[in-house]
>>> print(open('coords.pdb').read())   # PDB, C-alpha atoms and all ligand atoms
ATOM      1  CA  MET K  27      92.120  95.231  89.850  1.00  0.00           C
ATOM      2  CA  ALA K  28      94.897  97.832  90.003  1.00  0.00           C
ATOM      3  CA  SER K  29      96.261  98.592  93.430  1.00  0.00           C
ATOM      4  CA  ILE K  30      97.681 101.787  94.958  1.00  0.00           C
ATOM      5  CA  LEU K  31      99.663 101.738  98.196  1.00  0.00           C
ATOM      6  CA  VAL K  32      99.704 104.860 100.381  1.00  0.00           C
ATOM      7  CA  VAL K  33     102.650 104.977 102.813  1.00  0.00           C
ATOM      8  CA  HIS K  34     102.886 107.472 105.649  1.00  0.00           C
ATOM      9  CA  GLY K  35     106.174 107.904 107.494  1.00  0.00           C
ATOM     10  CA  PRO K  36     106.974 108.879 111.072  1.00  0.00           C
ATOM     11  CA  ASN K  37     104.754 111.169 113.146  1.00  0.00           C
ATOM     12  CA  LEU K  38     102.054 111.317 110.487  1.00  0.00           C
ATOM     13  CA  ASN K  39      99.873 109.236 112.811  1.00  0.00           C
ATOM     14  CA  LEU K  40      99.659 112.469 114.836  1.00  0.00           C
ATOM     15  CA  LEU K  41      98.186 114.561 112.021  1.00  0.00           C
ATOM     16  CA  GLY K  42      95.407 116.744 113.350  1.00  0.00           C
ATOM     17  CA  LEU K  43      97.301 117.289 116.615  1.00  0.00           C
ATOM     18  CA  ARG K  44     100.815 117.848 115.368  1.00  0.00           C
ATOM     19  CA  GLU K  45     101.991 121.396 114.433  1.00  0.00           C
ATOM     20  CA  THR K  46      98.584 122.200 112.966  1.00  0.00           C
ATOM     21  CA  ASP K  47      99.814 125.584 111.710  1.00  0.00           C
ATOM     22  CA  ILE K  48     102.095 123.666 109.324  1.00  0.00           C
ATOM     23  CA  TYR K  49     100.279 120.385 108.695  1.00  0.00           C
ATOM     24  CA  GLY K  50      96.622 121.365 109.133  1.00  0.00           C
ATOM     25  CA  THR K  51      93.849 119.812 111.194  1.00  0.00           C
ATOM     26  CA  ALA K  52      92.892 116.816 109.043  1.00  0.00           C
ATOM     27  CA  THR K  53      93.585 113.496 110.760  1.00  0.00           C
ATOM     28  CA  LEU K  54      95.384 110.618 109.052  1.00  0.00           C
ATOM     29  CA  ASP K  55      92.201 108.594 109.217  1.00  0.00           C
ATOM     30  CA  SER K  56      90.160 111.273 107.443  1.00  0.00           C
ATOM     31  CA  ILE K  57      92.838 111.609 104.736  1.00  0.00           C
ATOM     32  CA  ASN K  58      92.915 107.842 104.203  1.00  0.00           C
ATOM     33  CA  LYS K  59      89.116 107.609 104.024  1.00  0.00           C
ATOM     34  CA  LYS K  60      88.991 110.299 101.333  1.00  0.00           C
ATOM     35  CA  LEU K  61      91.747 108.584  99.306  1.00  0.00           C
ATOM     36  CA  GLU K  62      90.034 105.232  99.643  1.00  0.00           C
ATOM     37  CA  SER K  63      86.742 106.610  98.325  1.00  0.00           C
ATOM     38  CA  MET K  64      88.520 108.308  95.387  1.00  0.00           C
ATOM     39  CA  ALA K  65      90.213 105.032  94.441  1.00  0.00           C
ATOM     40  CA  TYR K  66      87.184 102.784  94.937  1.00  0.00           C
ATOM     41  CA  GLU K  67      85.059 105.099  92.790  1.00  0.00           C
ATOM     42  CA  LYS K  68      87.445 104.206  89.940  1.00  0.00           C
ATOM     43  CA  LYS K  69      87.515 100.529  90.925  1.00  0.00           C
ATOM     44  CA  ILE K  70      91.101 100.716  92.126  1.00  0.00           C
ATOM     45  CA  ASP K  71      92.170  98.932  95.274  1.00  0.00           C
ATOM     46  CA  CYS K  72      93.901 100.975  97.962  1.00  0.00           C
ATOM     47  CA  LEU K  73      96.192  99.868 100.805  1.00  0.00           C
ATOM     48  CA  PHE K  74      97.447 102.062 103.619  1.00  0.00           C
ATOM     49  CA  PHE K  75     100.500 101.744 105.831  1.00  0.00           C
ATOM     50  CA  GLN K  76     101.858 104.102 108.474  1.00  0.00           C
ATOM     51  CA  SER K  77     104.977 103.488 110.505  1.00  0.00           C
ATOM     52  CA  ASN K  78     107.359 105.400 112.703  1.00  0.00           C
ATOM     53  CA  HIS K  79     110.085 102.871 111.882  1.00  0.00           C
ATOM     54  CA  GLU K  80     112.290 102.834 108.801  1.00  0.00           C
ATOM     55  CA  GLY K  81     112.723  99.040 108.712  1.00  0.00           C
ATOM     56  CA  GLN K  82     108.983  98.425 108.953  1.00  0.00           C
ATOM     57  CA  ILE K  83     108.395 100.603 105.898  1.00  0.00           C
ATOM     58  CA  ILE K  84     111.066  98.670 103.990  1.00  0.00           C
ATOM     59  CA  ASP K  85     109.640  95.302 105.111  1.00  0.00           C
ATOM     60  CA  TYR K  86     106.139  96.348 104.043  1.00  0.00           C
ATOM     61  CA  LEU K  87     107.335  97.436 100.590  1.00  0.00           C
ATOM     62  CA  GLN K  88     109.185  94.156 100.086  1.00  0.00           C
ATOM     63  CA  GLN K  89     106.320  92.007 101.321  1.00  0.00           C
ATOM     64  CA  HIS K  90     103.630  93.681  99.206  1.00  0.00           C
ATOM     65  CA  LYS K  91     105.603  94.495  96.051  1.00  0.00           C
ATOM     66  CA  ASP K  92     103.989  91.827  93.891  1.00  0.00           C
ATOM     67  CA  HIS K  93     100.467  93.197  94.081  1.00  0.00           C
ATOM     68  CA  ILE K  94     101.048  96.957  94.036  1.00  0.00           C
ATOM     69  CA  ASP K  95     100.980  99.026  90.842  1.00  0.00           C
ATOM     70  CA  PHE K  96     101.642 102.500  92.209  1.00  0.00           C
ATOM     71  CA  ILE K  97     102.793 104.093  95.464  1.00  0.00           C
ATOM     72  CA  ILE K  98     101.967 107.404  97.106  1.00  0.00           C
ATOM     73  CA  ILE K  99     104.534 107.974  99.838  1.00  0.00           C
ATOM     74  CA  ASN K 100     105.082 110.713 102.358  1.00  0.00           C
ATOM     75  CA  PRO K 101     108.364 109.599 103.897  1.00  0.00           C
ATOM     76  CA  ALA K 102     108.065 112.490 106.413  1.00  0.00           C
ATOM     77  CA  ALA K 103     111.406 113.058 108.192  1.00  0.00           C
ATOM     78  CA  TYR K 104     112.883 110.030 106.380  1.00  0.00           C
ATOM     79  CA  THR K 105     112.654 112.144 103.214  1.00  0.00           C
ATOM     80  CA  HIS K 106     115.793 113.894 104.358  1.00  0.00           C
ATOM     81  CA  THR K 107     117.718 110.933 105.757  1.00  0.00           C
ATOM     82  CA  SER K 108     116.754 107.545 104.391  1.00  0.00           C
ATOM     83  CA  ILE K 109     118.973 105.967 101.782  1.00  0.00           C
ATOM     84  CA  ALA K 110     117.488 102.658 102.937  1.00  0.00           C
ATOM     85  CA  ILE K 111     113.893 103.533 101.958  1.00  0.00           C
ATOM     86  CA  ARG K 112     115.182 105.033  98.714  1.00  0.00           C
ATOM     87  CA  ASP K 113     116.952 101.756  97.967  1.00  0.00           C
ATOM     88  CA  ALA K 114     113.818  99.779  98.814  1.00  0.00           C
ATOM     89  CA  LEU K 115     111.773 101.842  96.338  1.00  0.00           C
ATOM     90  CA  LEU K 116     114.431 101.288  93.685  1.00  0.00           C
ATOM     91  CA  ALA K 117     114.491  97.581  94.495  1.00  0.00           C
ATOM     92  CA  VAL K 118     110.742  97.061  94.186  1.00  0.00           C
ATOM     93  CA  SER K 119     110.727  99.232  91.073  1.00  0.00           C
ATOM     94  CA  ILE K 120     107.167 100.533  91.477  1.00  0.00           C
ATOM     95  CA  PRO K 121     106.487 104.128  90.354  1.00  0.00           C
ATOM     96  CA  PHE K 122     105.800 106.474  93.245  1.00  0.00           C
ATOM     97  CA  ILE K 123     104.790 110.031  93.994  1.00  0.00           C
ATOM     98  CA  GLU K 124     106.677 111.762  96.789  1.00  0.00           C
ATOM     99  CA  THR K 125     104.006 113.648  98.690  1.00  0.00           C
ATOM    100  CA  HIS K 126     104.234 116.267 101.429  1.00  0.00           C
ATOM    101  CA  LEU K 127     101.634 118.336 103.229  1.00  0.00           C
ATOM    102  CA  SER K 128     104.007 121.271 103.617  1.00  0.00           C
ATOM    103  CA  ASN K 129     106.454 122.549 101.035  1.00  0.00           C
ATOM    104  CA  PRO K 130     109.814 121.432 102.450  1.00  0.00           C
ATOM    105  CA  SER K 131     111.665 123.644  99.959  1.00  0.00           C
ATOM    106  CA  LYS K 132     110.564 126.761 101.755  1.00  0.00           C
ATOM    107  CA  ARG K 133     111.287 125.456 105.253  1.00  0.00           C
ATOM    108  CA  GLU K 134     114.495 124.781 107.188  1.00  0.00           C
ATOM    109  CA  HIS K 135     117.665 124.108 105.239  1.00  0.00           C
ATOM    110  CA  PHE K 136     117.845 120.462 106.355  1.00  0.00           C
ATOM    111  CA  ARG K 137     114.443 119.786 104.756  1.00  0.00           C
ATOM    112  CA  GLN K 138     115.687 120.867 101.385  1.00  0.00           C
ATOM    113  CA  THR K 139     117.459 117.602 100.707  1.00  0.00           C
ATOM    114  CA  SER K 140     115.270 114.745  99.528  1.00  0.00           C
ATOM    115  CA  TYR K 141     116.531 111.234  98.944  1.00  0.00           C
ATOM    116  CA  PHE K 142     113.427 110.558  96.839  1.00  0.00           C
ATOM    117  CA  SER K 143     112.793 113.422  94.431  1.00  0.00           C
ATOM    118  CA  ASP K 144     115.224 112.352  91.707  1.00  0.00           C
ATOM    119  CA  ILE K 145     113.776 108.841  91.491  1.00  0.00           C
ATOM    120  CA  ALA K 146     110.097 109.804  91.907  1.00  0.00           C
ATOM    121  CA  TYR K 147     107.466 109.590  89.174  1.00  0.00           C
ATOM    122  CA  GLY K 148     106.388 112.996  90.487  1.00  0.00           C
ATOM    123  CA  ILE K 149     106.378 115.207  93.564  1.00  0.00           C
ATOM    124  CA  ILE K 150     103.414 116.993  95.149  1.00  0.00           C
ATOM    125  CA  SER K 151     103.921 119.214  98.159  1.00  0.00           C
ATOM    126  CA  GLY K 152     102.564 122.280  99.862  1.00  0.00           C
ATOM    127  CA  PHE K 153      98.806 121.739  99.560  1.00  0.00           C
ATOM    128  CA  GLY K 154      98.129 120.311 103.013  1.00  0.00           C
ATOM    129  CA  ALA K 155      95.854 117.257 102.997  1.00  0.00           C
ATOM    130  CA  LYS K 156      94.996 118.120  99.388  1.00  0.00           C
ATOM    131  CA  SER K 157      98.538 117.083  98.380  1.00  0.00           C
ATOM    132  CA  TYR K 158      97.433 113.477  98.953  1.00  0.00           C
ATOM    133  CA  GLU K 159      94.280 113.958  96.893  1.00  0.00           C
ATOM    134  CA  LEU K 160      96.290 115.420  94.007  1.00  0.00           C
ATOM    135  CA  ALA K 161      98.688 112.489  94.270  1.00  0.00           C
ATOM    136  CA  MET K 162      95.754 110.077  94.228  1.00  0.00           C
ATOM    137  CA  LEU K 163      94.352 111.722  91.075  1.00  0.00           C
ATOM    138  CA  ALA K 164      97.729 111.220  89.392  1.00  0.00           C
ATOM    139  CA  GLY K 165      97.939 107.653  90.690  1.00  0.00           C
ATOM    140  CA  ILE K 166      94.473 106.828  89.358  1.00  0.00           C
ATOM    141  CA  GLU K 167      95.382 108.263  85.975  1.00  0.00           C
ATOM    142  CA  TYR K 168      98.594 106.231  85.938  1.00  0.00           C
ATOM    143  CA  CYS K 169      96.692 103.027  86.724  1.00  0.00           C
ATOM    144  CA  GLN K 170      94.014 103.734  84.139  1.00  0.00           C
ATOM    145  CA  HIS K 171      96.684 104.072  81.452  1.00  0.00           C
ATOM    146  CA  ASN K 172      99.167 101.447  82.551  1.00  0.00           C
ATOM    147  CA  CYS K 173      97.419  98.676  84.452  1.00  0.00           C
ATOM    148  CA  VAL K 174      95.227  96.059  82.821  1.00  0.00           C
TER     149      VAL K 174
HETATM  150  C1  LIG P 201     106.545 116.358 105.734  1.00  0.00           C
HETATM  151  C2  LIG P 201     107.749 117.301 105.673  1.00  0.00           C
HETATM  152  C3  LIG P 201     108.943 116.704 106.421  1.00  0.00           C
HETATM  153  O1  LIG P 201     110.032 117.599 106.369  1.00  0.00           O
HETATM  154  C4  LIG P 201     108.596 116.454 107.869  1.00  0.00           C
HETATM  155  O2  LIG P 201     109.662 115.830 108.536  1.00  0.00           O
HETATM  156  C5  LIG P 201     107.331 115.694 108.040  1.00  0.00           C
HETATM  157  C6  LIG P 201     106.207 115.960 107.147  1.00  0.00           C
HETATM  158  C7  LIG P 201     105.281 116.973 105.103  1.00  0.00           C
HETATM  159  O3  LIG P 201     104.358 116.222 104.798  1.00  0.00           O
HETATM  160  O4  LIG P 201     105.201 118.188 104.927  1.00  0.00           O
HETATM  161  O5  LIG P 201     107.184 114.925 108.979  1.00  0.00           O
HETATM  162  O6  LIG P 201     106.868 115.198 104.973  1.00  0.00           O
END
>>> encode(input="coords.pdb", output="structure tokens", more="lines below")
Ligand code: DQA
Amino acid sequence: MASILVVHGPNLNLLGLRETDIYGTATLDSINKKLESMAYEKKIDCLFFQSNHEGQIIDYLQQHKDHIDFIIINPAAYTHTSIAIRDALLAVSIPFIETHLSNPSKREHFRQTSYFSDIAYGIISGFGAKSYELAMLAGIEYCQHNCV
């Protein structure tokens, strides 16, 4: 069975409460449940991990690398700072979609640098919680074509 890992970076555990004018009212749990049902419908396994800590995200990627085919990751603020998570994604060499609820390119200047975009399989941003669903559709398609 193919397996997709969904990684949520710092402060995304507060979705639904946090800056709802920017990030919307959907909770992380409701987003994960929707993604899980999309994947299971196509007989694809789905794992979820959220952390507010850079090292924990890196540890999780390293520990689970052998049974993951595709990654959907919203690195949140680490998008703009983390060479270490970038290196971890390069090290595990699993294709990933960089996903954002907002469109960082039209926000503050400091959000316009991403340490992930140039090594991503694709980027989806600006569609609120739907960004994750679009990423999951792409992930499912990838698995259907590339995973036995
Ligand atoms: C975010 C955008 C980041 O700039 C920000 O730090 C986040 C969320 C998004 O999903 O729009 O925490 O990744």
>>> closest_residue(input="coords.pdb", among="K:Ser151, K:Asn58, K:Asn172, K:Ser119", to="K:Arg133", atoms="all atoms listed in the file")
K:Ser151
>>> residues_near_ligand(input="coords.pdb", ligand="ligand LIG 201 (chain P)", cutoff="7 Å", atoms="only C-alpha atoms and all ligand atoms", output="PyMOL selection string")
chain K and resi 36-38+49+100-105+125-130+137+151
>>> write_last_selection(input="coords.pdb", atoms="C-alpha atoms", output="short mmCIF file (atom, residue, chain, number, x, y, z; two decimals), keeping the file's coordinate frame")
data_model
loop_
_atom_site.label_atom_id
_atom_site.label_comp_id
_atom_site.auth_asym_id
_atom_site.auth_seq_id
_atom_site.Cartn_x
_atom_site.Cartn_y
_atom_site.Cartn_z
CA PRO K 36 106.97 108.88 111.07
CA ASN K 37 104.75 111.17 113.15
CA LEU K 38 102.05 111.32 110.49
CA TYR K 49 100.28 120.38 108.70
CA ASN K 100 105.08 110.71 102.36
CA PRO K 101 108.36 109.60 103.90
CA ALA K 102 108.06 112.49 106.41
CA ALA K 103 111.41 113.06 108.19
CA TYR K 104 112.88 110.03 106.38
CA THR K 105 112.65 112.14 103.21
CA THR K 125 104.01 113.65 98.69
CA HIS K 126 104.23 116.27 101.43
CA LEU K 127 101.63 118.34 103.23
CA SER K 128 104.01 121.27 103.62
CA ASN K 129 106.45 122.55 101.04
CA PRO K 130 109.81 121.43 102.45
CA ARG K 137 114.44 119.79 104.76
CA SER K 151 103.92 119.21 98.16
#
>>> resolve_selection(input="coords.pdb", expression="the PyMOL selection byres (((chain K and resi 50) around 12) and not hetatm)", output="number ranges by chain")
K: 38, 40-49, 51-54, 57, 126-128, 152-157
>>> write_last_selection(input="coords.pdb", atoms="C-alpha atoms", output="PDB file, in the frame of the given file")
ATOM      1  CA  LEU K  38     102.054 111.317 110.487  1.00  0.00           C
ATOM      2  CA  LEU K  40      99.659 112.469 114.836  1.00  0.00           C
ATOM      3  CA  LEU K  41      98.186 114.561 112.021  1.00  0.00           C
ATOM      4  CA  GLY K  42      95.407 116.744 113.350  1.00  0.00           C
ATOM      5  CA  LEU K  43      97.301 117.289 116.615  1.00  0.00           C
ATOM      6  CA  ARG K  44     100.815 117.848 115.368  1.00  0.00           C
ATOM      7  CA  GLU K  45     101.991 121.396 114.433  1.00  0.00           C
ATOM      8  CA  THR K  46      98.584 122.200 112.966  1.00  0.00           C
ATOM      9  CA  ASP K  47      99.814 125.584 111.710  1.00  0.00           C
ATOM     10  CA  ILE K  48     102.095 123.666 109.324  1.00  0.00           C
ATOM     11  CA  TYR K  49     100.279 120.385 108.695  1.00  0.00           C
ATOM     12  CA  THR K  51      93.849 119.812 111.194  1.00  0.00           C
ATOM     13  CA  ALA K  52      92.892 116.816 109.043  1.00  0.00           C
ATOM     14  CA  THR K  53      93.585 113.496 110.760  1.00  0.00           C
ATOM     15  CA  LEU K  54      95.384 110.618 109.052  1.00  0.00           C
ATOM     16  CA  ILE K  57      92.838 111.609 104.736  1.00  0.00           C
ATOM     17  CA  HIS K 126     104.234 116.267 101.429  1.00  0.00           C
ATOM     18  CA  LEU K 127     101.634 118.336 103.229  1.00  0.00           C
ATOM     19  CA  SER K 128     104.007 121.271 103.617  1.00  0.00           C
ATOM     20  CA  GLY K 152     102.564 122.280  99.862  1.00  0.00           C
ATOM     21  CA  PHE K 153      98.806 121.739  99.560  1.00  0.00           C
ATOM     22  CA  GLY K 154      98.129 120.311 103.013  1.00  0.00           C
ATOM     23  CA  ALA K 155      95.854 117.257 102.997  1.00  0.00           C
ATOM     24  CA  LYS K 156      94.996 118.120  99.388  1.00  0.00           C
ATOM     25  CA  SER K 157      98.538 117.083  98.380  1.00  0.00           C
TER      26      SER K 157
END
>>> atom_distance(input="coords.pdb", atom1="atom CA of K:Phe122", atom2="atom CA of K:Lys69")
19.4 Å
>>> atom_distance(input="coords.pdb", atom1="atom CA of K:Val118", atom2="atom CA of K:Ile145")
12.5 Å
>>> closest_residue(input="coords.pdb", among="K:Ile99, K:Val174, K:Ile109, K:Leu61", to="K:Val33", atoms="only C-alpha atoms")
K:Ile99
>>> closest_residue(input="coords.pdb", among="K:Glu134, K:Asp95, K:Glu124, K:Asp85", to="K:Leu160", atoms="all atoms listed in the file")
K:Glu124
>>> closest_residue(input="coords.pdb", among="K:Lys132, K:Gly81, K:Leu116, K:Gly148", to="K:Tyr168", atoms="only C-alpha atoms")
K:Gly148
>>> resolve_selection(input="coords.pdb", expression="the PyMOL selection byres (((chain K and resi 70) around 12) and not hetatm)", output="ChimeraX atom specification")
/K:27-31,61-69,71-73,94-96,162-163,165-170,173-174
>>> closest_residue(input="coords.pdb", among="K:His34, K:His79, K:Arg112, K:His93", to="K:Asp144", atoms="all atoms listed in the file")
K:Arg112
>>> closest_residue(input="coords.pdb", among="K:Ile123, K:Ala161, K:Ile97, K:Leu87", to="K:Ser143", atoms="only C-alpha atoms")
K:Ile123
>>> decode(input="coords.pdb", residues="stretch 94-108 of chain K", atoms="N, CA and C atoms", output="tab-separated table (two decimals), in the first residue's frame")
chain	number	residue	atom	x	y	z
K	94	ILE	N	7.51	5.70	3.41
K	94	ILE	CA	6.72	6.83	2.89
K	94	ILE	C	7.06	7.04	1.41
K	95	ASP	N	6.01	7.20	0.60
K	95	ASP	CA	6.22	7.38	-0.84
K	95	ASP	C	6.14	8.84	-1.26
K	96	PHE	N	5.42	9.65	-0.48
K	96	PHE	CA	5.17	11.02	-0.90
K	96	PHE	C	4.89	11.86	0.35
K	97	ILE	N	5.28	13.13	0.30
K	97	ILE	CA	5.10	13.99	1.47
K	97	ILE	C	4.35	15.27	1.06
K	98	ILE	N	3.38	15.62	1.88
K	98	ILE	CA	2.74	16.94	1.78
K	98	ILE	C	3.22	17.69	3.02
K	99	ILE	N	3.90	18.81	2.83
K	99	ILE	CA	4.44	19.51	4.00
K	99	ILE	C	4.11	20.99	3.96
K	100	ASN	N	3.55	21.46	5.06
K	100	ASN	CA	3.44	22.90	5.28
K	100	ASN	C	4.45	23.22	6.38
K	101	PRO	N	5.63	23.71	5.99
K	101	PRO	CA	6.65	23.97	7.00
K	101	PRO	C	6.34	25.19	7.86
K	102	ALA	N	5.24	25.89	7.53
K	102	ALA	CA	4.83	27.11	8.26
K	102	ALA	C	6.01	28.09	8.32
K	103	ALA	N	6.29	28.66	9.51
K	103	ALA	CA	7.35	29.67	9.57
K	103	ALA	C	8.72	29.10	9.20
K	104	TYR	N	8.90	27.78	9.36
K	104	TYR	CA	10.19	27.18	8.97
K	104	TYR	C	10.43	27.26	7.46
K	105	THR	N	9.36	27.51	6.70
K	105	THR	CA	9.52	27.71	5.25
K	105	THR	C	10.61	28.73	4.98
K	106	HIS	N	10.62	29.77	5.82
K	106	HIS	CA	11.45	30.94	5.54
K	106	HIS	C	12.79	30.92	6.27
K	107	THR	N	13.02	29.85	7.04
K	107	THR	CA	14.23	29.84	7.87
K	107	THR	C	15.01	28.53	7.86
K	108	SER	N	14.36	27.41	7.53
K	108	SER	CA	14.98	26.13	7.91
K	108	SER	C	15.79	25.43	6.82
